[in-house]
>>> print(open('input26.txt').read())   # compact mmCIF, C-alpha atoms
# COMPACT_ATOMS: atom_id res chain seq x y z
CA MET A 1461 -27.03 6.29 8.71
CA ILE A 1462 -25.53 2.79 8.81
CA ARG A 1463 -22.31 2.01 6.95
CA LYS A 1464 -23.94 -0.24 4.38
CA ASP A 1465 -26.28 2.58 3.29
CA ALA A 1466 -23.41 5.06 3.18
CA ILE A 1467 -21.39 2.62 1.05
CA LYS A 1468 -24.33 2.12 -1.29
CA ILE A 1469 -24.85 5.86 -1.81
CA THR A 1470 -21.13 6.55 -2.24
CA SER A 1471 -20.41 3.67 -4.63
CA LYS A 1472 -23.41 4.54 -6.84
CA LEU A 1473 -22.45 8.20 -7.04
CA VAL A 1474 -18.82 7.59 -7.96
CA GLY A 1475 -19.95 5.59 -11.02
CA ASP A 1476 -17.22 3.58 -12.72
CA ALA A 1477 -14.31 5.21 -10.88
CA PRO A 1478 -11.95 2.66 -9.29
CA ILE A 1479 -12.53 1.95 -5.59
CA ILE A 1480 -10.00 0.37 -3.23
CA SER A 1481 -11.92 -0.96 -0.24
CA ALA A 1482 -10.55 -1.86 3.17
CA ASN A 1483 -10.73 -5.33 4.66
CA GLY A 1484 -13.57 -6.57 6.83
CA PHE A 1485 -17.14 -5.35 6.62
CA ILE A 1486 -16.34 -2.45 4.29
CA SER A 1487 -15.32 -4.74 1.43
CA ARG A 1488 -18.18 -7.12 2.26
CA ASP A 1489 -20.75 -4.32 2.15
CA LEU A 1490 -19.37 -2.98 -1.12
CA PHE A 1491 -19.35 -6.46 -2.67
CA GLU A 1492 -22.99 -6.95 -1.69
CA VAL A 1493 -24.42 -3.58 -2.65
CA ASN A 1494 -22.51 -2.74 -5.81
CA ASP A 1495 -20.01 -5.31 -7.07
CA LYS A 1496 -18.04 -4.04 -10.09
CA ASN A 1497 -14.84 -4.95 -11.91
CA SER A 1498 -13.39 -1.61 -10.83
CA ASN A 1499 -13.68 -2.50 -7.10
CA PHE A 1500 -10.48 -3.79 -5.53
CA TYR A 1501 -11.41 -5.69 -2.37
CA MET A 1502 -8.41 -5.73 -0.05
CA ILE A 1503 -9.37 -8.74 2.06
CA GLY A 1504 -6.29 -8.79 4.33
CA SER A 1505 -3.43 -6.39 5.10
CA MET A 1506 -5.44 -4.04 7.30
CA GLY A 1507 -4.49 -0.37 7.00
CA LEU A 1508 -3.12 -0.47 3.49
CA ALA A 1509 -6.10 0.35 1.25
CA SER A 1510 -5.06 4.00 1.19
CA SER A 1511 -1.47 3.09 0.27
CA ILE A 1512 -2.63 0.87 -2.59
CA GLY A 1513 -4.90 3.69 -3.72
CA LEU A 1514 -1.99 6.12 -3.66
CA GLY A 1515 0.09 3.87 -5.93
CA ILE A 1516 -2.73 3.68 -8.48
CA ALA A 1517 -3.50 7.40 -8.27
CA LEU A 1518 0.14 8.25 -9.03
CA LYS A 1519 0.09 6.18 -12.22
CA LYS A 1520 -3.48 6.75 -13.45
CA THR A 1521 -3.53 10.49 -13.05
CA LYS A 1522 -6.53 11.01 -15.33
CA LYS A 1523 -8.79 8.72 -13.28
CA LYS A 1524 -10.45 9.81 -10.06
CA LEU A 1525 -9.62 7.15 -7.50
CA TYR A 1526 -11.66 6.45 -4.35
CA ILE A 1527 -10.43 4.74 -1.19
CA PHE A 1528 -13.10 3.25 1.08
CA ASP A 1529 -11.45 3.10 4.47
CA GLY A 1530 -12.57 2.59 8.06
CA ASP A 1531 -11.59 4.36 11.26
CA GLY A 1532 -9.73 1.29 12.54
CA ASN A 1533 -7.95 0.95 9.21
CA ILE A 1534 -6.76 4.52 8.89
CA MET A 1535 -5.57 4.68 12.48
CA MET A 1536 -3.49 1.57 11.84
CA ASN A 1537 -1.64 3.44 9.05
CA LEU A 1538 -1.78 7.14 9.91
CA GLY A 1539 1.55 7.56 8.14
CA THR A 1540 -0.37 7.20 4.89
CA LEU A 1541 -1.71 10.75 5.38
CA VAL A 1542 1.87 12.02 5.54
CA THR A 1543 2.86 10.25 2.32
CA ILE A 1544 -0.31 11.14 0.38
CA GLY A 1545 -0.14 14.70 1.69
CA SER A 1546 3.47 15.00 0.53
CA LEU A 1547 2.81 13.70 -3.00
CA LYS A 1548 -0.57 15.49 -3.31
CA PRO A 1549 -2.28 13.39 -6.00
CA LYS A 1550 -5.09 15.54 -7.41
CA ASN A 1551 -7.20 12.50 -8.32
CA LEU A 1552 -7.30 10.81 -4.91
CA VAL A 1553 -10.37 10.79 -2.65
CA HIS A 1554 -9.91 9.16 0.74
CA VAL A 1555 -13.32 8.25 2.18
CA VAL A 1556 -13.44 7.08 5.81
CA PHE A 1557 -16.55 5.34 7.14
CA ASP A 1558 -16.24 6.04 10.85
CA ASN A 1559 -18.34 3.97 13.27
CA ASN A 1560 -15.89 4.37 16.13
CA SER A 1561 -15.45 0.62 16.27
CA HIS A 1562 -13.77 -2.49 14.97
CA GLU A 1563 -17.14 -3.83 13.86
CA SER A 1564 -15.77 -6.78 11.88
CA THR A 1565 -14.21 -8.29 15.00
CA GLY A 1566 -17.18 -7.81 17.30
CA GLY A 1567 -17.65 -4.08 17.74
CA GLN A 1568 -14.77 -3.27 20.06
CA PRO A 1569 -14.17 0.51 20.31
CA THR A 1570 -11.51 2.39 18.35
CA ASN A 1571 -10.26 5.74 19.60
CA SER A 1572 -11.70 7.70 16.69
CA LYS A 1573 -14.18 9.62 18.84
CA ASN A 1574 -11.39 10.83 21.13
CA ILE A 1575 -9.50 12.59 18.36
CA LYS A 1576 -10.25 14.51 15.17
CA ILE A 1577 -9.04 12.45 12.21
CA ASP A 1578 -10.26 15.08 9.75
CA ASN A 1579 -8.07 17.70 11.44
CA ILE A 1580 -5.04 15.46 10.98
CA ALA A 1581 -5.94 15.06 7.30
CA ASN A 1582 -6.36 18.81 7.03
CA GLU A 1583 -2.85 19.37 8.40
CA THR A 1584 -1.44 16.91 5.86
CA ASN A 1585 -2.69 18.85 2.81
CA PHE A 1586 -6.09 17.24 2.21
CA LYS A 1587 -9.26 19.20 1.47
CA THR A 1588 -11.44 17.88 4.23
CA PHE A 1589 -15.19 17.27 4.55
CA GLN A 1590 -17.32 15.67 7.21
CA VAL A 1591 -20.90 14.43 6.78
CA ASN A 1592 -23.43 12.91 9.15
CA THR A 1593 -26.56 12.35 7.05
CA LYS A 1594 -27.48 10.78 3.69
CA ASP A 1595 -28.49 14.16 2.34
CA GLU A 1596 -25.15 15.75 3.27
CA LEU A 1597 -23.32 12.76 1.83
CA GLU A 1598 -25.01 13.02 -1.58
CA LYS A 1599 -24.45 16.78 -1.76
CA THR A 1600 -20.79 16.49 -0.77
CA LEU A 1601 -20.06 13.67 -3.24
CA LYS A 1602 -21.48 15.78 -6.07
CA LYS A 1603 -19.49 18.79 -4.91
CA ILE A 1604 -16.15 16.97 -4.83
CA LYS A 1605 -16.64 15.11 -8.11
CA ASN A 1606 -14.72 17.68 -10.14
CA MET A 1607 -12.63 19.13 -7.31
CA ALA A 1608 -8.84 18.72 -7.29
CA GLY A 1609 -7.56 16.57 -4.43
CA PRO A 1610 -6.28 15.05 -2.33
CA ILE A 1611 -9.73 15.04 -0.70
CA PHE A 1612 -10.62 13.53 2.65
CA LEU A 1613 -14.27 12.68 3.32
CA LEU A 1614 -15.18 11.56 6.83
CA ILE A 1615 -18.60 9.88 7.02
CA LYS A 1616 -19.96 9.32 10.50
CA VAL A 1617 -21.95 6.07 10.53
CA SER A 1618 -23.65 4.02 13.20
CA LYS A 1619 -23.19 0.35 13.95
CA SER A 1620 -25.68 -2.18 12.62
CA LYS A 1621 -26.56 -5.84 13.13
CA ARG A 1622 -26.80 -6.44 9.39
CA VAL A 1623 -23.75 -8.38 8.23
CA SER A 1624 -22.95 -8.70 4.54
CA LYS A 1625 -21.74 -11.92 2.92
CA ARG A 1626 -18.05 -12.56 2.34
CA VAL A 1627 -16.37 -11.55 -0.89
CA SER A 1628 -16.73 -14.77 -2.86
CA ILE A 1629 -14.33 -14.16 -5.73
CA THR A 1630 -10.68 -15.14 -5.35
CA PRO A 1631 -7.93 -12.58 -4.72
CA THR A 1632 -6.34 -13.21 -8.12
CA GLN A 1633 -9.74 -12.78 -9.81
CA ILE A 1634 -10.23 -9.52 -7.91
CA LYS A 1635 -6.82 -8.39 -9.14
CA THR A 1636 -7.21 -9.43 -12.77
CA ARG A 1637 -10.62 -7.90 -13.37
CA PHE A 1638 -9.59 -4.72 -11.53
CA MET A 1639 -6.44 -4.34 -13.65
CA ASN A 1640 -8.44 -4.85 -16.83
CA SER A 1641 -10.91 -2.17 -15.75
CA LEU A 1642 -8.25 0.52 -15.33
CA MET B 840 28.90 -2.85 -1.61
CA LYS B 841 30.83 -0.32 -3.70
CA LYS B 842 29.05 2.94 -4.47
CA ASN B 843 29.60 2.48 -8.15
CA THR B 844 27.93 -0.95 -8.08
CA GLN B 845 24.94 0.42 -6.18
CA ARG B 846 24.46 3.05 -8.88
CA LYS B 847 24.78 0.38 -11.58
CA ILE B 848 22.09 -1.72 -9.91
CA PHE B 849 19.75 1.27 -9.81
CA ASP B 850 20.42 2.05 -13.46
CA PHE B 851 19.91 -1.61 -14.40
CA PHE B 852 16.32 -1.44 -13.16
CA VAL B 853 15.69 1.98 -14.70
CA LYS B 854 16.75 0.53 -18.06
CA LYS B 855 14.26 -2.30 -17.54
CA GLY B 856 11.50 0.30 -17.21
CA PHE B 857 11.29 0.88 -13.45
CA ASN B 858 10.25 4.40 -12.50
CA ASP B 859 9.29 3.86 -8.89
CA PHE B 860 11.53 2.74 -6.04
CA ILE B 861 9.62 2.85 -2.76
CA GLY B 862 10.72 2.19 0.77
CA VAL B 863 12.48 3.06 3.99
CA PRO B 864 16.23 3.77 3.71
CA ASP B 865 19.10 1.52 4.77
CA SER B 866 22.72 2.64 5.09
CA THR B 867 23.73 -0.70 3.52
CA PHE B 868 22.73 0.69 0.11
CA SER B 869 22.62 4.43 0.76
CA GLU B 870 24.26 5.22 -2.58
CA PHE B 871 21.47 3.35 -4.40
CA ILE B 872 18.96 5.67 -2.70
CA ARG B 873 21.05 8.85 -3.11
CA HIS B 874 21.38 8.12 -6.82
CA GLY B 875 17.62 7.45 -7.10
CA LEU B 876 16.69 10.63 -5.23
CA LYS B 877 18.80 12.61 -7.69
CA LYS B 878 16.83 11.08 -10.53
CA ASN B 879 13.55 11.79 -8.73
CA LYS B 880 12.46 8.15 -8.74
CA ILE B 881 12.32 7.45 -5.01
CA ILE B 882 9.30 7.53 -2.69
CA ILE B 883 10.17 7.40 1.01
CA THR B 884 7.31 6.07 3.12
CA THR B 885 6.76 6.11 6.89
CA ARG B 886 6.87 2.33 7.24
CA GLU B 887 7.78 -0.66 5.10
CA GLU B 888 4.21 -2.03 4.95
CA GLU B 889 3.08 1.27 3.55
CA ALA B 890 5.77 1.04 0.87
CA ILE B 891 4.45 -2.39 -0.13
CA GLY B 892 0.93 -0.99 -0.36
CA VAL B 893 2.07 1.82 -2.68
CA ALA B 894 4.10 -0.63 -4.78
CA THR B 895 1.03 -2.88 -5.05
CA GLY B 896 -1.01 0.02 -6.42
CA ILE B 897 1.72 0.85 -8.92
CA SER B 898 1.81 -2.79 -10.00
CA LEU B 899 -2.00 -2.90 -10.39
CA ALA B 900 -1.59 0.05 -12.76
CA ARG B 901 0.79 -2.16 -14.82
CA ASN B 902 4.08 -0.53 -13.85
CA PHE B 903 7.17 -2.14 -12.37
CA SER B 904 8.05 -1.32 -8.80
CA LEU B 905 10.77 -2.15 -6.31
CA VAL B 906 10.51 -1.90 -2.52
CA PHE B 907 13.65 -1.31 -0.47
CA MET B 908 14.17 -1.68 3.28
CA GLN B 909 16.53 -2.96 5.91
CA ASN B 910 15.89 -6.30 7.53
CA ALA B 911 14.40 -4.86 10.73
CA GLY B 912 11.79 -3.38 8.39
CA PHE B 913 11.45 -6.65 6.52
CA ALA B 914 10.47 -8.27 9.82
CA ASN B 915 7.67 -5.67 10.05
CA THR B 916 6.29 -6.75 6.69
CA LEU B 917 5.78 -10.49 7.09
CA SER B 918 2.00 -10.24 7.31
CA THR B 919 1.78 -7.80 4.41
CA ILE B 920 3.90 -10.00 2.16
CA ALA B 921 1.79 -13.06 3.01
CA SER B 922 -1.68 -11.52 2.96
CA LEU B 923 -1.28 -8.96 0.20
CA VAL B 924 1.70 -9.63 -2.08
CA GLN B 925 1.57 -13.41 -2.14
CA LEU B 926 -2.20 -13.74 -1.75
CA TYR B 927 -2.89 -11.56 -4.80
CA GLN B 928 0.33 -12.56 -6.63
CA ILE B 929 1.66 -9.02 -6.91
CA PRO B 930 5.03 -8.97 -8.74
CA ILE B 931 7.29 -6.83 -6.55
CA ILE B 932 11.08 -7.00 -6.14
CA PHE B 933 12.18 -6.51 -2.54
CA LEU B 934 15.67 -5.14 -1.97
CA ILE B 935 16.66 -5.89 1.62
CA GLY B 936 19.79 -4.84 3.47
CA TRP B 937 21.17 -7.61 5.66
CA ARG B 938 22.20 -5.94 8.90
CA GLY B 939 23.53 -8.32 11.52
CA TYR B 940 25.20 -10.47 8.88
CA LEU B 941 28.49 -9.80 10.65
CA LYS B 942 28.50 -10.65 14.33
CA THR B 943 30.23 -7.31 14.96
CA ASP B 944 27.19 -5.27 13.84
CA ALA B 945 25.32 -3.10 16.37
CA PRO B 946 23.42 -5.11 19.01
CA GLU B 947 19.95 -4.14 17.70
CA HIS B 948 20.73 -5.84 14.37
CA ILE B 949 22.05 -9.18 15.62
CA LYS B 950 18.82 -11.10 16.30
CA ILE B 951 16.93 -10.18 13.12
CA GLY B 952 20.15 -10.68 11.12
CA GLN B 953 20.40 -14.17 12.52
CA ILE B 954 16.82 -15.24 11.74
CA GLN B 955 16.49 -13.42 8.40
CA PRO B 956 17.21 -16.49 6.19
CA LYS B 957 14.66 -18.48 8.20
CA LEU B 958 12.02 -15.75 7.86
CA LEU B 959 12.50 -15.64 4.08
CA LYS B 960 12.29 -19.41 3.91
CA ALA B 961 9.18 -19.55 6.09
CA LEU B 962 7.48 -17.11 3.72
CA SER B 963 8.65 -19.12 0.68
CA LEU B 964 9.84 -15.86 -0.81
CA GLU B 965 12.41 -16.69 -3.48
CA THR B 966 15.70 -14.96 -2.72
CA ARG B 967 19.16 -14.26 -4.09
CA ILE B 968 22.07 -12.58 -2.31
CA ILE B 969 23.72 -10.04 -4.57
CA SER B 970 27.44 -9.23 -4.59
CA GLU B 971 29.98 -7.25 -6.60
CA LYS B 972 30.42 -10.30 -8.82
CA ASN B 973 26.92 -11.65 -9.34
CA TRP B 974 24.64 -8.60 -9.13
CA ARG B 975 23.84 -8.41 -12.83
CA LYS B 976 22.91 -12.08 -13.10
CA ASN B 977 20.77 -11.98 -9.96
CA CYS B 978 19.05 -8.70 -10.84
CA GLN B 979 18.16 -10.27 -14.19
CA TRP B 980 16.88 -13.33 -12.29
CA ALA B 981 14.62 -11.05 -10.19
CA PHE B 982 13.38 -9.23 -13.27
CA ASN B 983 12.48 -12.56 -14.90
CA LYS B 984 10.58 -13.56 -11.76
CA ILE B 985 8.37 -10.51 -11.71
CA THR B 986 7.64 -10.69 -15.43
CA HIS B 987 6.15 -14.09 -14.51
CA ASN B 988 4.06 -12.52 -11.74
CA ARG B 989 6.26 -13.84 -8.94
CA PRO B 990 7.48 -11.58 -6.13
CA CYS B 991 11.08 -12.15 -5.01
CA ALA B 992 13.84 -10.67 -2.86
CA LEU B 993 17.39 -9.49 -3.43
CA ILE B 994 19.61 -9.26 -0.37
CA ILE B 995 22.64 -6.99 0.11
CA ARG B 996 24.91 -7.97 2.97
CA ARG B 997 26.22 -5.35 5.36
CA GLU B 998 29.93 -6.11 5.17
CA THR B 999 31.48 -3.27 7.15
>>> encode(input="input26.txt", output="structure tokens")
Amino acid sequence: MIRKDAIKITSKLVGDAPIISANGFISRDLFEVNDKNSNFYMIGSMGLASSIGLGIALKKTKKKLYIFDGDGNIMMNLGTLVTIGSLKPKNLVHVVFDNNSHESTGGQPTNSKNIKIDNIANETNFKTFQVNTKDELEKTLKKIKNMAGPIFLLIKVSKSKRVSKRVSITPTQIKTRFMNSL
Amino acid sequence: MKKNTQRKIFDFFVKKGFNDFIGVPDSTFSEFIRHGLKKNKIIITTREEEAIGVATGISLARNFSLVFMQNAGFANTLSTIASLVQLYQIPIIFLIGWRGYLKTDAPEHIKIGQIQPKLLKALSLETRIISEKNWRKNCQWAFNKITHNRPCALIIRRET
């Protein structure tokens, strides 16, 4: 399964729930396959999508909140698992699309295959799931829909030559329409 | 800064509607943090950038937020302030302790203390230094800034 397909399946199944997506190809894929007002595309500040998601989850406790992160992103801000795991927001789902690479900068390797990110999440109070196929992904997304979090979903994806277009709306437009959707 | 003043500054922002004070501690305003912890309004993060991310989320959910840190931590956050806070115009008040303001401070604080005004200027982050005398006026200034969607910084000097 390539990341773009995984993002398509995940974004469709979460419906209108807010999504905070990490910089680089993750936001570009999401913008191309399922642009919505409730998507917050974080186009810079690598590593911080999960922190932004935490802030929203703490204030909008009745809304399920999804973070679309990458392996490079989460490893740049592993401390986020400590903070989320300490505050334990029930409505937060941290999804990591793991291709073991910094694909947006040319496919250089990350160290995600050398360690077990989901085990770290497990130790920091997340309910943890890992999926490898589209079928498993769909089943797991349905299963966690009404489950209390924090939930960590690791999706193993493969690299692909298909590159999505850039997010073409301005950062302040992204912000304004996202805020109005909450 | 006097303990009593630090508590007053905290209470000033609570009265304005702030419920969330996020950051990494600094001894320069330890009473501000101690007071906030007692009121259960403090989130301590692992790094300063993370604190800014959380504050951004809180702001997107239409709540006020303040990020506190010392200036070594501020130096960590330059990219985050430029490419998240300023890029998206997120109204956050930064409260920054100025270590290295006195030349007698510990050696690890001297360099960042020296270049701190230049860093703030390079970012074009609007700033006021708060003291025993002017804190109320400058905190009000910061509050006015963020109600107009403009991030800004308040600086507390380390004077001992």
>>> residues_around(input="input26.txt", residues="Gly936 of chain B", least_positions_apart="4", cutoff="6 Å", atoms="all atoms listed in the file", output="list in words")
Thr867, Gln909, Asn910, Ile994 and Ile995 of chain B
>>> closest_atom_pairs(input="input26.txt", of="chain A", to="chain B", cutoff="12 Å", atoms="only C-alpha atoms", output="JSON lines")
{"residue": "A:Pro1478", "atom": "CA", "partner": "B:Ala900", "partner_atom": "CA", "distance": 11.2}
{"residue": "A:Ile1479", "atom": "CA", "partner": "B:Gly896", "partner_atom": "CA", "distance": 11.7}
{"residue": "A:Ile1480", "atom": "CA", "partner": "B:Gly896", "partner_atom": "CA", "distance": 9.5}
{"residue": "A:Asn1483", "atom": "CA", "partner": "B:Leu923", "partner_atom": "CA", "distance": 11.1}
{"residue": "A:Ser1498", "atom": "CA", "partner": "B:Leu899", "partner_atom": "CA", "distance": 11.5}
{"residue": "A:Phe1500", "atom": "CA", "partner": "B:Leu899", "partner_atom": "CA", "distance": 9.8}
{"residue": "A:Tyr1501", "atom": "CA", "partner": "B:Tyr927", "partner_atom": "CA", "distance": 10.6}
{"residue": "A:Met1502", "atom": "CA", "partner": "B:Leu923", "partner_atom": "CA", "distance": 7.8}
{"residue": "A:Ile1503", "atom": "CA", "partner": "B:Ser922", "partner_atom": "CA", "distance": 8.2}
{"residue": "A:Gly1504", "atom": "CA", "partner": "B:Ser922", "partner_atom": "CA", "distance": 5.5}
{"residue": "A:Ser1505", "atom": "CA", "partner": "B:Thr919", "partner_atom": "CA", "distance": 5.4}
{"residue": "A:Met1506", "atom": "CA", "partner": "B:Thr919", "partner_atom": "CA", "distance": 8.6}
{"residue": "A:Gly1507", "atom": "CA", "partner": "B:Glu889", "partner_atom": "CA", "distance": 8.5}
{"residue": "A:Leu1508", "atom": "CA", "partner": "B:Gly892", "partner_atom": "CA", "distance": 5.6}
{"residue": "A:Ala1509", "atom": "CA", "partner": "B:Gly892", "partner_atom": "CA", "distance": 7.3}
{"residue": "A:Ser1510", "atom": "CA", "partner": "B:Gly892", "partner_atom": "CA", "distance": 7.9}
{"residue": "A:Ser1511", "atom": "CA", "partner": "B:Gly892", "partner_atom": "CA", "distance": 4.8}
{"residue": "A:Ile1512", "atom": "CA", "partner": "B:Gly896", "partner_atom": "CA", "distance": 4.2}
{"residue": "A:Gly1513", "atom": "CA", "partner": "B:Gly896", "partner_atom": "CA", "distance": 6.0}
{"residue": "A:Leu1514", "atom": "CA", "partner": "B:Val893", "partner_atom": "CA", "distance": 6.0}
{"residue": "A:Gly1515", "atom": "CA", "partner": "B:Gly896", "partner_atom": "CA", "distance": 4.0}
{"residue": "A:Ile1516", "atom": "CA", "partner": "B:Gly896", "partner_atom": "CA", "distance": 4.5}
{"residue": "A:Ala1517", "atom": "CA", "partner": "B:Gly896", "partner_atom": "CA", "distance": 8.0}
{"residue": "A:Leu1518", "atom": "CA", "partner": "B:Ile897", "partner_atom": "CA", "distance": 7.6}
{"residue": "A:Lys1519", "atom": "CA", "partner": "B:Ala900", "partner_atom": "CA", "distance": 6.4}
{"residue": "A:Lys1520", "atom": "CA", "partner": "B:Ala900", "partner_atom": "CA", "distance": 7.0}
{"residue": "A:Thr1521", "atom": "CA", "partner": "B:Ala900", "partner_atom": "CA", "distance": 10.6}
{"residue": "A:Lys1523", "atom": "CA", "partner": "B:Ala900", "partner_atom": "CA", "distance": 11.3}
{"residue": "A:Leu1525", "atom": "CA", "partner": "B:Gly896", "partner_atom": "CA", "distance": 11.2}
{"residue": "A:Ile1527", "atom": "CA", "partner": "B:Gly896", "partner_atom": "CA", "distance": 11.8}
{"residue": "A:Ile1534", "atom": "CA", "partner": "B:Glu889", "partner_atom": "CA", "distance": 11.7}
{"residue": "A:Met1536", "atom": "CA", "partner": "B:Glu889", "partner_atom": "CA", "distance": 10.6}
{"residue": "A:Asn1537", "atom": "CA", "partner": "B:Glu889", "partner_atom": "CA", "distance": 7.6}
{"residue": "A:Leu1538", "atom": "CA", "partner": "B:Thr885", "partner_atom": "CA", "distance": 9.1}
{"residue": "A:Gly1539", "atom": "CA", "partner": "B:Thr885", "partner_atom": "CA", "distance": 5.6}
{"residue": "A:Thr1540", "atom": "CA", "partner": "B:Glu889", "partner_atom": "CA", "distance": 7.0}
{"residue": "A:Leu1541", "atom": "CA", "partner": "B:Thr885", "partner_atom": "CA", "distance": 9.8}
{"residue": "A:Val1542", "atom": "CA", "partner": "B:Thr885", "partner_atom": "CA", "distance": 7.8}
{"residue": "A:Thr1543", "atom": "CA", "partner": "B:Thr884", "partner_atom": "CA", "distance": 6.2}
{"residue": "A:Ile1544", "atom": "CA", "partner": "B:Thr884", "partner_atom": "CA", "distance": 9.6}
{"residue": "A:Gly1545", "atom": "CA", "partner": "B:Thr884", "partner_atom": "CA", "distance": 11.5}
{"residue": "A:Ser1546", "atom": "CA", "partner": "B:Ile882", "partner_atom": "CA", "distance": 10.0}
{"residue": "A:Leu1547", "atom": "CA", "partner": "B:Ile882", "partner_atom": "CA", "distance": 9.0}
{"residue": "A:Ile1629", "atom": "CA", "partner": "B:Tyr927", "partner_atom": "CA", "distance": 11.8}
{"residue": "A:Thr1630", "atom": "CA", "partner": "B:Tyr927", "partner_atom": "CA", "distance": 8.6}
{"residue": "A:Pro1631", "atom": "CA", "partner": "B:Tyr927", "partner_atom": "CA", "distance": 5.1}
{"residue": "A:Thr1632", "atom": "CA", "partner": "B:Tyr927", "partner_atom": "CA", "distance": 5.1}
{"residue": "A:Gln1633", "atom": "CA", "partner": "B:Tyr927", "partner_atom": "CA", "distance": 8.6}
{"residue": "A:Ile1634", "atom": "CA", "partner": "B:Tyr927", "partner_atom": "CA", "distance": 8.2}
{"residue": "A:Lys1635", "atom": "CA", "partner": "B:Tyr927", "partner_atom": "CA", "distance": 6.7}
{"residue": "A:Thr1636", "atom": "CA", "partner": "B:Leu899", "partner_atom": "CA", "distance": 8.7}
{"residue": "A:Arg1637", "atom": "CA", "partner": "B:Leu899", "partner_atom": "CA", "distance": 10.4}
{"residue": "A:Phe1638", "atom": "CA", "partner": "B:Leu899", "partner_atom": "CA", "distance": 7.9}
{"residue": "A:Met1639", "atom": "CA", "partner": "B:Leu899", "partner_atom": "CA", "distance": 5.7}
{"residue": "A:Asn1640", "atom": "CA", "partner": "B:Leu899", "partner_atom": "CA", "distance": 9.3}
{"residue": "A:Ser1641", "atom": "CA", "partner": "B:Ala900", "partner_atom": "CA", "distance": 10.0}
{"residue": "A:Leu1642", "atom": "CA", "partner": "B:Ala900", "partner_atom": "CA", "distance": 7.2}
>>> residues_around(input="input26.txt", residues="Gln845 of chain B", least_positions_apart="6", cutoff="7 Å", atoms="all atoms listed in the file", output="list in words")
Phe868, Glu870 and Phe871 of chain B
>>> atom_distance(input="input26.txt", atom1="atom CA of Gly1567 of chain A", atom2="atom CA of Val1591 of chain A")
21.8 Å
>>> closest_residue(input="input26.txt", among="B:Ile932, B:Ala945, B:Val906, B:Met840", to="Arg989 of chain B", atoms="all atoms listed in the file")
B:Ile932
>>> closest_residue(input="input26.txt", among="B:Pro930, B:Gly912, B:Ser866, B:Ile881", to="Asn988 of chain B", atoms="only C-alpha atoms")
B:Pro930
>>> closest_residue(input="input26.txt", among="B:Leu959, B:Ile954, B:Leu941, B:Ile969", to="Glu998 of chain B", atoms="all atoms listed in the file")
B:Leu941
>>> closest_residue(input="input26.txt", among="A:Lys1524, A:Lys1468, A:Lys1619, A:His1562", to="Gly1484 of chain A", atoms="all atoms listed in the file")
A:His1562
>>> build_atoms(input="input26.txt", residues="segment 972-983 of chain B", atoms="N, CA and C atoms", output="PDB file, in the frame of the given file")
ATOM      1  N   LYS B 972      30.212  -9.410  -7.677  1.00  0.00           N
ATOM      2  CA  LYS B 972      30.420 -10.300  -8.820  1.00  0.00           C
ATOM      3  C   LYS B 972      29.122 -10.700  -9.523  1.00  0.00           C
ATOM      4  N   ASN B 973      28.094 -11.007  -8.715  1.00  0.00           N
ATOM      5  CA  ASN B 973      26.920 -11.650  -9.340  1.00  0.00           C
ATOM      6  C   ASN B 973      25.719 -10.730  -9.518  1.00  0.00           C
ATOM      7  N   TRP B 974      25.848  -9.444  -9.200  1.00  0.00           N
ATOM      8  CA  TRP B 974      24.640  -8.600  -9.130  1.00  0.00           C
ATOM      9  C   TRP B 974      23.850  -8.578 -10.434  1.00  0.00           C
ATOM     10  N   ARG B 975      24.571  -8.537 -11.564  1.00  0.00           N
ATOM     11  CA  ARG B 975      23.840  -8.410 -12.830  1.00  0.00           C
ATOM     12  C   ARG B 975      22.998  -9.665 -13.107  1.00  0.00           C
ATOM     13  N   LYS B 976      23.613 -10.810 -12.877  1.00  0.00           N
ATOM     14  CA  LYS B 976      22.910 -12.080 -13.100  1.00  0.00           C
ATOM     15  C   LYS B 976      21.681 -12.191 -12.177  1.00  0.00           C
ATOM     16  N   ASN B 977      21.868 -11.820 -10.914  1.00  0.00           N
ATOM     17  CA  ASN B 977      20.770 -11.980  -9.960  1.00  0.00           C
ATOM     18  C   ASN B 977      19.687 -10.909 -10.117  1.00  0.00           C
ATOM     19  N   CYS B 978      20.067  -9.717 -10.548  1.00  0.00           N
ATOM     20  CA  CYS B 978      19.050  -8.700 -10.840  1.00  0.00           C
ATOM     21  C   CYS B 978      18.216  -9.135 -12.041  1.00  0.00           C
ATOM     22  N   GLN B 979      18.880  -9.747 -13.022  1.00  0.00           N
ATOM     23  CA  GLN B 979      18.160 -10.270 -14.190  1.00  0.00           C
ATOM     24  C   GLN B 979      17.224 -11.400 -13.759  1.00  0.00           C
ATOM     25  N   TRP B 980      17.721 -12.244 -12.841  1.00  0.00           N
ATOM     26  CA  TRP B 980      16.880 -13.330 -12.290  1.00  0.00           C
ATOM     27  C   TRP B 980      15.609 -12.740 -11.665  1.00  0.00           C
ATOM     28  N   ALA B 981      15.778 -11.672 -10.859  1.00  0.00           N
ATOM     29  CA  ALA B 981      14.620 -11.050 -10.190  1.00  0.00           C
ATOM     30  C   ALA B 981      13.665 -10.446 -11.215  1.00  0.00           C
ATOM     31  N   PHE B 982      14.237  -9.829 -12.235  1.00  0.00           N
ATOM     32  CA  PHE B 982      13.380  -9.230 -13.270  1.00  0.00           C
ATOM     33  C   PHE B 982      12.568 -10.320 -13.980  1.00  0.00           C
ATOM     34  N   ASN B 983      13.208 -11.449 -14.268  1.00  0.00           N
ATOM     35  CA  ASN B 983      12.480 -12.560 -14.900  1.00  0.00           C
ATOM     36  C   ASN B 983      11.345 -13.050 -14.003  1.00  0.00           C
TER      37      ASN B 983
END
